[in-house]
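Undergrad: Structure file my_file-v4.txt (compact mmCIF, C-alpha atoms) is given on the next line.
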```txt
# COMPACT_ATOMS: atom_id res chain seq x y z
CA MET A 1 41.77 5.79 -20.82
CA THR A 2 39.32 4.86 -18.09
CA ALA A 3 36.03 6.73 -18.09
CA ASN A 4 34.94 8.51 -14.97
CA PRO A 5 32.32 6.50 -13.08
CA VAL A 6 28.78 7.75 -13.46
CA SER A 7 27.55 9.52 -10.37
CA VAL A 8 24.36 7.95 -9.05
CA ASN A 9 21.95 9.82 -6.82
CA SER A 10 20.89 7.19 -4.31
CA ASN A 11 17.59 8.99 -3.75
CA ALA A 12 16.83 9.37 -7.45
CA CYS A 13 13.69 7.74 -8.77
CA LEU A 14 11.27 7.76 -11.67
CA ILE A 15 7.57 7.65 -10.87
CA SER A 16 5.05 6.64 -13.51
CA PRO A 17 2.52 8.09 -14.01
CA GLU A 18 3.97 11.40 -12.87
CA ILE A 19 2.52 12.80 -9.66
CA GLY A 20 1.26 16.36 -9.91
CA LYS A 21 2.27 19.09 -7.50
CA SER A 22 -0.99 18.79 -5.59
CA LEU A 23 -2.47 15.48 -4.56
CA ILE A 24 -5.87 16.97 -3.76
CA PRO A 25 -8.53 16.06 -6.34
CA PRO A 26 -11.36 18.54 -7.08
CA ALA A 27 -13.93 19.08 -4.33
CA HIS A 28 -15.92 15.91 -3.75
CA PRO A 29 -16.89 13.71 -0.79
CA PRO A 30 -13.68 12.10 0.50
CA LEU A 31 -12.86 8.50 -0.32
CA LYS A 32 -13.48 6.19 2.62
CA LEU A 33 -10.44 3.94 2.95
CA GLY A 34 -10.24 0.78 5.02
CA VAL A 35 -6.58 0.07 5.72
CA LEU A 36 -4.98 -3.32 6.41
CA ALA A 37 -1.56 -3.40 8.08
CA SER A 38 0.62 -6.07 9.66
CA GLY A 39 3.74 -4.27 10.79
CA SER A 40 5.10 -0.81 11.50
CA GLY A 41 2.31 0.98 9.65
CA SER A 42 4.56 3.55 7.97
CA ASN A 43 2.48 3.58 4.78
CA PHE A 44 -0.67 3.89 6.88
CA GLU A 45 0.76 6.89 8.70
CA VAL A 46 1.77 8.58 5.45
CA ILE A 47 -1.84 8.34 4.28
CA ALA A 48 -3.24 9.53 7.62
CA GLN A 49 -0.82 12.45 7.74
CA ALA A 50 -1.64 13.52 4.17
CA ILE A 51 -5.34 13.48 5.05
CA GLN A 52 -4.72 15.46 8.24
CA ASN A 53 -2.68 18.02 6.28
CA GLN A 54 -5.47 18.30 3.69
CA GLN A 55 -3.20 16.99 0.95
CA LEU A 56 -5.48 14.06 0.17
CA ASN A 57 -9.25 14.03 -0.22
CA ALA A 58 -9.92 10.88 1.77
CA LYS A 59 -10.60 9.59 5.26
CA ILE A 60 -9.82 6.38 7.12
CA PRO A 61 -12.84 5.16 9.11
CA VAL A 62 -10.92 2.15 10.47
CA LEU A 63 -7.58 0.32 10.48
CA ILE A 64 -7.46 -3.47 10.76
CA TYR A 65 -4.26 -5.20 11.88
CA ASN A 66 -3.59 -8.91 12.29
CA ASN A 67 -0.45 -8.91 14.42
CA PRO A 68 -0.88 -8.03 18.13
CA GLU A 69 2.64 -6.55 18.10
CA ALA A 70 2.02 -4.33 15.07
CA LYS A 71 3.06 -0.73 15.62
CA ALA A 72 0.35 0.37 13.21
CA ALA A 73 -2.16 0.30 16.09
CA ALA A 74 -0.21 2.96 18.02
CA ARG A 75 0.02 5.09 14.89
CA SER A 76 -3.76 4.91 14.44
CA GLU A 77 -4.30 6.10 18.02
CA LYS A 78 -2.07 9.09 17.27
CA TYR A 79 -4.47 10.16 14.50
CA GLY A 80 -7.67 9.28 16.34
CA ILE A 81 -8.49 6.47 13.92
CA PRO A 82 -10.21 3.35 15.30
CA SER A 83 -8.09 0.21 15.05
CA ILE A 84 -9.30 -3.37 15.29
CA LEU A 85 -7.19 -6.48 15.85
CA LEU A 86 -8.27 -9.47 13.78
CA ASN A 87 -5.61 -12.02 14.61
CA HIS A 88 -5.25 -14.52 11.77
CA ARG A 89 -4.08 -17.10 14.29
CA ASP A 90 -7.60 -17.17 15.71
CA CYS A 91 -9.08 -18.09 12.33
CA LYS A 92 -9.31 -21.59 10.85
CA SER A 93 -8.80 -20.39 7.28
CA ARG A 94 -7.88 -17.36 5.19
CA GLU A 95 -11.53 -17.16 4.15
CA GLU A 96 -12.64 -16.89 7.78
CA LEU A 97 -10.27 -13.99 8.36
CA ASP A 98 -11.41 -12.22 5.20
CA THR A 99 -15.06 -12.72 6.18
CA LYS A 100 -14.35 -10.86 9.43
CA ILE A 101 -12.49 -8.14 7.53
CA VAL A 102 -15.38 -7.66 5.10
CA LYS A 103 -17.92 -7.48 7.91
CA THR A 104 -15.84 -4.87 9.76
CA PHE A 105 -15.26 -2.73 6.67
CA GLN A 106 -18.94 -2.86 5.76
CA GLU A 107 -19.86 -1.73 9.27
CA TYR A 108 -17.59 1.30 8.78
CA ASP A 109 -18.96 1.98 5.29
CA VAL A 110 -15.56 1.55 3.63
CA GLU A 111 -15.38 2.15 -0.14
CA TRP A 112 -11.80 1.11 -0.97
CA VAL A 113 -9.41 -1.26 0.77
CA VAL A 114 -5.71 -0.39 1.07
CA MET A 115 -3.24 -3.15 1.90
CA ALA A 116 -0.45 -1.09 3.46
CA GLY A 117 2.08 -3.74 4.41
CA TRP A 118 -0.56 -6.46 4.83
CA MET A 119 1.34 -9.74 5.08
CA ARG A 120 -1.58 -12.08 4.41
CA ILE A 121 -2.75 -13.56 1.11
CA VAL A 122 -6.26 -12.29 0.41
CA THR A 123 -9.05 -14.51 -0.85
CA LYS A 124 -12.06 -14.34 -3.12
CA VAL A 125 -14.14 -13.38 -0.07
CA LEU A 126 -12.48 -9.96 0.23
CA LEU A 127 -11.98 -9.35 -3.49
CA ASP A 128 -15.61 -10.15 -4.31
CA ALA A 129 -16.87 -7.85 -1.57
CA PHE A 130 -14.79 -4.96 -2.96
CA PRO A 131 -14.45 -5.74 -6.70
CA ASP A 132 -11.52 -3.84 -8.24
CA ARG A 133 -11.38 -1.74 -5.07
CA VAL A 134 -8.55 -3.47 -3.19
CA ILE A 135 -5.08 -2.02 -3.72
CA ASN A 136 -1.72 -3.37 -2.64
CA ILE A 137 1.83 -2.03 -2.51
CA HIS A 138 4.82 -4.26 -3.29
CA PRO A 139 8.57 -3.49 -3.08
CA SER A 140 9.49 -4.33 -6.67
CA LEU A 141 8.71 -3.29 -10.22
CA LEU A 142 6.05 -5.90 -10.87
CA PRO A 143 5.81 -8.28 -12.60
CA SER A 144 9.44 -8.73 -11.52
CA PHE A 145 10.09 -10.31 -8.10
CA PRO A 146 6.59 -11.08 -6.81
CA GLY A 147 6.07 -12.76 -3.47
CA ILE A 148 8.11 -12.55 -0.30
CA ARG A 149 11.61 -11.10 0.08
CA ALA A 150 11.32 -9.06 -3.11
CA VAL A 151 14.27 -6.83 -2.16
CA GLU A 152 16.48 -9.84 -1.56
CA GLN A 153 15.30 -11.30 -4.87
CA ALA A 154 16.38 -8.12 -6.67
CA LEU A 155 19.81 -8.16 -5.03
CA GLY A 156 20.24 -11.83 -5.84
CA ALA A 157 19.42 -11.21 -9.49
CA LYS A 158 21.98 -8.36 -9.55
CA VAL A 159 19.58 -5.99 -11.28
CA LYS A 160 20.61 -2.34 -11.57
CA ILE A 161 17.10 -0.94 -11.08
CA THR A 162 14.25 -2.09 -8.89
CA GLY A 163 11.45 -0.14 -7.23
CA CYS A 164 7.89 -0.46 -5.99
CA THR A 165 4.38 -0.87 -7.37
CA VAL A 166 0.83 -0.01 -6.34
CA HIS A 167 -1.68 -2.27 -8.06
CA ILE A 168 -5.23 -3.57 -7.94
CA ALA A 169 -5.18 -6.87 -6.07
CA ARG A 170 -6.08 -10.17 -7.71
CA LEU A 171 -6.19 -13.76 -6.44
CA GLU A 172 -2.76 -14.44 -7.90
CA VAL A 173 -0.22 -12.97 -5.48
CA ASP A 174 1.21 -9.58 -6.52
CA SER A 175 -0.69 -9.49 -9.80
CA GLY A 176 -3.40 -7.22 -11.18
CA PRO A 177 -3.60 -3.88 -13.00
CA ILE A 178 -0.76 -1.51 -12.11
CA LEU A 179 -1.75 1.95 -10.88
CA MET A 180 1.64 3.52 -10.22
CA GLN A 181 5.32 2.52 -10.05
CA ALA A 182 8.58 4.12 -8.95
CA ALA A 183 12.03 2.99 -10.09
CA VAL A 184 14.91 2.95 -7.60
CA PRO A 185 18.58 2.40 -8.53
CA VAL A 186 20.45 -0.48 -6.92
CA LEU A 187 23.84 0.71 -5.67
CA PRO A 188 26.98 -1.46 -5.68
CA ASP A 189 27.21 -1.52 -1.88
CA ASP A 190 23.50 -1.98 -1.19
CA THR A 191 22.26 -4.41 1.42
CA ALA A 192 18.68 -5.55 1.79
CA GLU A 193 18.26 -2.98 4.56
CA THR A 194 19.67 0.03 2.69
CA LEU A 195 17.85 -0.77 -0.54
CA HIS A 196 14.56 -1.39 1.25
CA ALA A 197 14.87 1.92 3.08
CA ARG A 198 15.19 3.82 -0.23
CA ILE A 199 12.37 1.84 -1.81
CA GLN A 200 10.14 2.68 1.15
CA VAL A 201 10.65 6.42 0.55
CA GLN A 202 9.18 5.92 -2.92
CA GLU A 203 6.43 3.62 -1.62
CA HIS A 204 5.10 6.49 0.43
CA LYS A 205 4.98 8.76 -2.62
CA ILE A 206 3.25 6.36 -4.97
CA MET A 207 0.76 5.18 -2.36
CA LEU A 208 -0.49 8.75 -2.03
CA GLY A 209 -0.34 9.25 -5.78
CA ALA A 210 -2.37 6.12 -6.47
CA ILE A 211 -5.05 7.07 -3.94
CA ALA A 212 -5.26 10.53 -5.52
CA LEU A 213 -5.75 8.90 -8.93
CA ILE A 214 -8.50 6.71 -7.49
CA ALA A 215 -10.19 9.72 -5.89
CA GLU A 216 -10.12 11.59 -9.19
CA SER A 217 -11.52 8.59 -11.08
CA ASN A 218 -14.22 8.20 -8.44
CA ARG A 219 -15.17 11.89 -8.81
CA LYS A 220 -15.53 11.57 -12.59
CA TYR A 221 -17.61 8.40 -12.22
CA CYS A 222 -19.94 10.02 -9.68
CA ASP A 223 -20.26 13.21 -11.75
```
Please go through the file and, once you have read it, give me the structure as structure tokens.
TA:
Amino acid sequence: MTANPVSVNSNACLISPEIGKSLIPPAHPPLKLGVLASGSGSNFEVIAQAIQNQQLNAKIPVLIYNNPEAKAAARSEKYGIPSILLNHRDCKSREELDTKIVKTFQEYDVEWVVMAGWMRIVTKVLLDAFPDRVINIHPSLLPSFPGIRAVEQALGAKVKITGCTVHIARLEVDSGPILMQAAVPVLPDDTAETLHARIQVQEHKIMLGAIALIAESNRKYCD
């Protein structure tokens, strides 16, 4: 007798640590987040919207983007957030770009740096300026499938579960202490596009959750 196939909810996920019902940490000065984005800026907008809706105790003094065609700049205008283009093509090295980023963030009194779809490898210049205060989001359950084309890597390996990770950035690409992860099932008919779309839904959740955790930790430290 053949068993009935297990029904899989394509939107199902498991987030660890669990996100509470409210993302708002106790009353405290909001975290000042400097955001780096290279593309559409969907993660950036999720953060900005949560702040606008008073779901997150933070503010974004400035967005930096490196691609002149990045849609993130238009999203920042929508929320009245200053955006600055620092085109990596105009820099002779990664260190030169990061030096400009650090200078800009310091001018805007940024406390934490959020790489929200930032497609550049960061250097010691940025990490030393914001020690243990640079976070990144990656579309896999790290340490599995680091680097580029993580979704395609997962499909190629024929794994049944993948997901996304928010972590503290280190010099080694896609390494560092993990703040939050979400697991996403891989369906038999998934393509890179369909799987990435479902992963991105969970990216938005854990990005907010990780920032809320940081805000709470910051409150306890300051208290």
Undergrad: Identify which of the residues A:Asn66, A:Val102, A:Arg198, A:Ser76 lies closest to Arg89 of chain A, counting all atoms listed in the file when measuring atom-to-atom distances.
TA: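 Ranked by minimum distance to Arg89 of chain A, first place goes to A:Asn66.
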Undergrad: For atom CA of Met180 of chain A and atom CA of Val134 of chain A, quote the distance in Å rounded to one decimal.
TA: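 Value for the atom CA of Met180 of chain A-atom CA of Val134 of chain A distance: 14.2 Å.
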Undergrad: Could you check how far atom CA of Leu36 of chain A sits from atom CA of Ala73 of chain A, in Å to one decimal?
TA: 10.7 Å
Undergrad: Would you give me, as a tab-separated table, each residue of segment 25-134 of chain A having an atom within 12 Å of an atom of segment 146-167 of chain A, along with its shortest atom pair and that distance in Å to one decimal, using all atoms listed in the file and sorting by chain and residue number?
TA:
```
residue	atom	partner	partner_atom	distance
A:Asn43	CA	A:Val166	CA	11.8
A:Val113	CA	A:His167	CA	11.8
A:Val114	CA	A:Val166	CA	9.9
A:Met115	CA	A:Val166	CA	9.7
A:Ala116	CA	A:Val166	CA	9.9
A:Gly117	CA	A:Val166	CA	11.4
A:Trp118	CA	A:Ile148	CA	11.8
A:Met119	CA	A:Ile148	CA	9.1
A:Arg120	CA	A:Ile148	CA	10.8
A:Ile121	CA	A:Gly147	CA	10.0
A:Asp132	CA	A:His167	CA	10.0
A:Arg133	CA	A:His167	CA	10.2
A:Val134	CA	A:His167	CA	8.5
```
Undergrad: Please compute the atom CA of Glu77 of chain A-atom CA of Glu107 of chain A distance, one decimal, in Å.
TA: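 Straight-line distance from atom CA of Glu77 of chain A to atom CA of Glu107 of chain A works out to 19.5 Å.
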Undergrad: Let me make sure I understand: among A:Gly80, A:Pro139, A:Pro188, A:Pro17, which one has the smallest atom-to-atom distance to Ala212 of chain A if we use all atoms listed in the file?
TA: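 Closest to Ala212 of chain A, using all atoms listed in the file: A:Pro17.
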Undergrad: Which residue out of A:Val201, A:Leu85, A:Val173, A:Leu142 has the minimum interatomic distance to Lys71 of chain A when all atoms listed in the file are used?
TA: A:Leu85
Undergrad: Output segment 56-82 of chain A as a compact mmCIF listing (two decimals), in the frame of the given file, making sure N, CA and C atoms are there.
TA:
```txt
# COMPACT_ATOMS: atom_id res chain seq x y z
N LEU A 56 -4.82 15.20 0.80
CA LEU A 56 -5.48 14.06 0.17
C LEU A 56 -6.96 14.08 0.55
N ASN A 57 -7.81 13.99 -0.45
CA ASN A 57 -9.25 14.03 -0.22
C ASN A 57 -9.77 12.63 0.11
N ALA A 58 -9.52 12.22 1.33
CA ALA A 58 -9.92 10.88 1.77
C ALA A 58 -10.05 10.88 3.28
N LYS A 59 -10.58 9.79 3.81
CA LYS A 59 -10.60 9.59 5.26
C LYS A 59 -10.48 8.11 5.54
N ILE A 60 -10.00 7.77 6.72
CA ILE A 60 -9.82 6.38 7.12
C ILE A 60 -10.77 6.09 8.28
N PRO A 61 -11.90 5.46 8.02
CA PRO A 61 -12.84 5.16 9.11
C PRO A 61 -12.28 4.13 10.09
N VAL A 62 -11.40 3.20 9.59
CA VAL A 62 -10.92 2.15 10.47
C VAL A 62 -9.64 1.53 9.90
N LEU A 63 -8.78 1.11 10.81
CA LEU A 63 -7.58 0.32 10.48
C LEU A 63 -7.77 -1.07 11.05
N ILE A 64 -7.46 -2.10 10.27
CA ILE A 64 -7.46 -3.47 10.76
C ILE A 64 -6.03 -3.98 10.74
N TYR A 65 -5.60 -4.59 11.84
CA TYR A 65 -4.26 -5.20 11.88
C TYR A 65 -4.38 -6.62 12.40
N ASN A 66 -3.48 -7.49 11.96
CA ASN A 66 -3.59 -8.91 12.29
C ASN A 66 -2.53 -9.39 13.27
N ASN A 67 -1.56 -8.54 13.54
CA ASN A 67 -0.45 -8.91 14.42
C ASN A 67 -0.56 -8.11 15.73
N PRO A 68 -0.74 -8.76 16.86
CA PRO A 68 -0.88 -8.03 18.13
C PRO A 68 0.28 -7.09 18.42
N GLU A 69 1.46 -7.38 17.85
CA GLU A 69 2.64 -6.55 18.10
C GLU A 69 2.81 -5.43 17.07
N ALA A 70 1.90 -5.32 16.14
CA ALA A 70 2.02 -4.33 15.07
C ALA A 70 2.02 -2.91 15.62
N LYS A 71 2.98 -2.12 15.19
CA LYS A 71 3.06 -0.73 15.62
C LYS A 71 2.02 0.16 14.94
N ALA A 72 1.39 -0.39 13.92
CA ALA A 72 0.35 0.37 13.21
C ALA A 72 -0.77 0.80 14.15
N ALA A 73 -1.07 -0.02 15.16
CA ALA A 73 -2.16 0.30 16.09
C ALA A 73 -1.85 1.58 16.86
N ALA A 74 -0.60 1.74 17.30
CA ALA A 74 -0.21 2.96 18.02
C ALA A 74 -0.27 4.16 17.11
N ARG A 75 0.09 3.99 15.85
CA ARG A 75 0.02 5.09 14.89
C ARG A 75 -1.43 5.52 14.68
N SER A 76 -2.35 4.56 14.64
CA SER A 76 -3.76 4.91 14.44
C SER A 76 -4.30 5.71 15.61
N GLU A 77 -3.87 5.37 16.82
CA GLU A 77 -4.30 6.10 18.02
C GLU A 77 -3.83 7.55 17.94
N LYS A 78 -2.64 7.75 17.42
CA LYS A 78 -2.07 9.09 17.27
C LYS A 78 -2.96 9.99 16.41
N TYR A 79 -3.63 9.39 15.42
CA TYR A 79 -4.47 10.16 14.50
C TYR A 79 -5.96 10.04 14.82
N GLY A 80 -6.27 9.41 15.94
CA GLY A 80 -7.67 9.28 16.34
C GLY A 80 -8.48 8.37 15.44
N ILE A 81 -7.82 7.39 14.83
CA ILE A 81 -8.49 6.47 13.92
C ILE A 81 -8.72 5.14 14.64
N PRO A 82 -9.95 4.64 14.64
CA PRO A 82 -10.21 3.35 15.30
C PRO A 82 -9.37 2.23 14.68
```
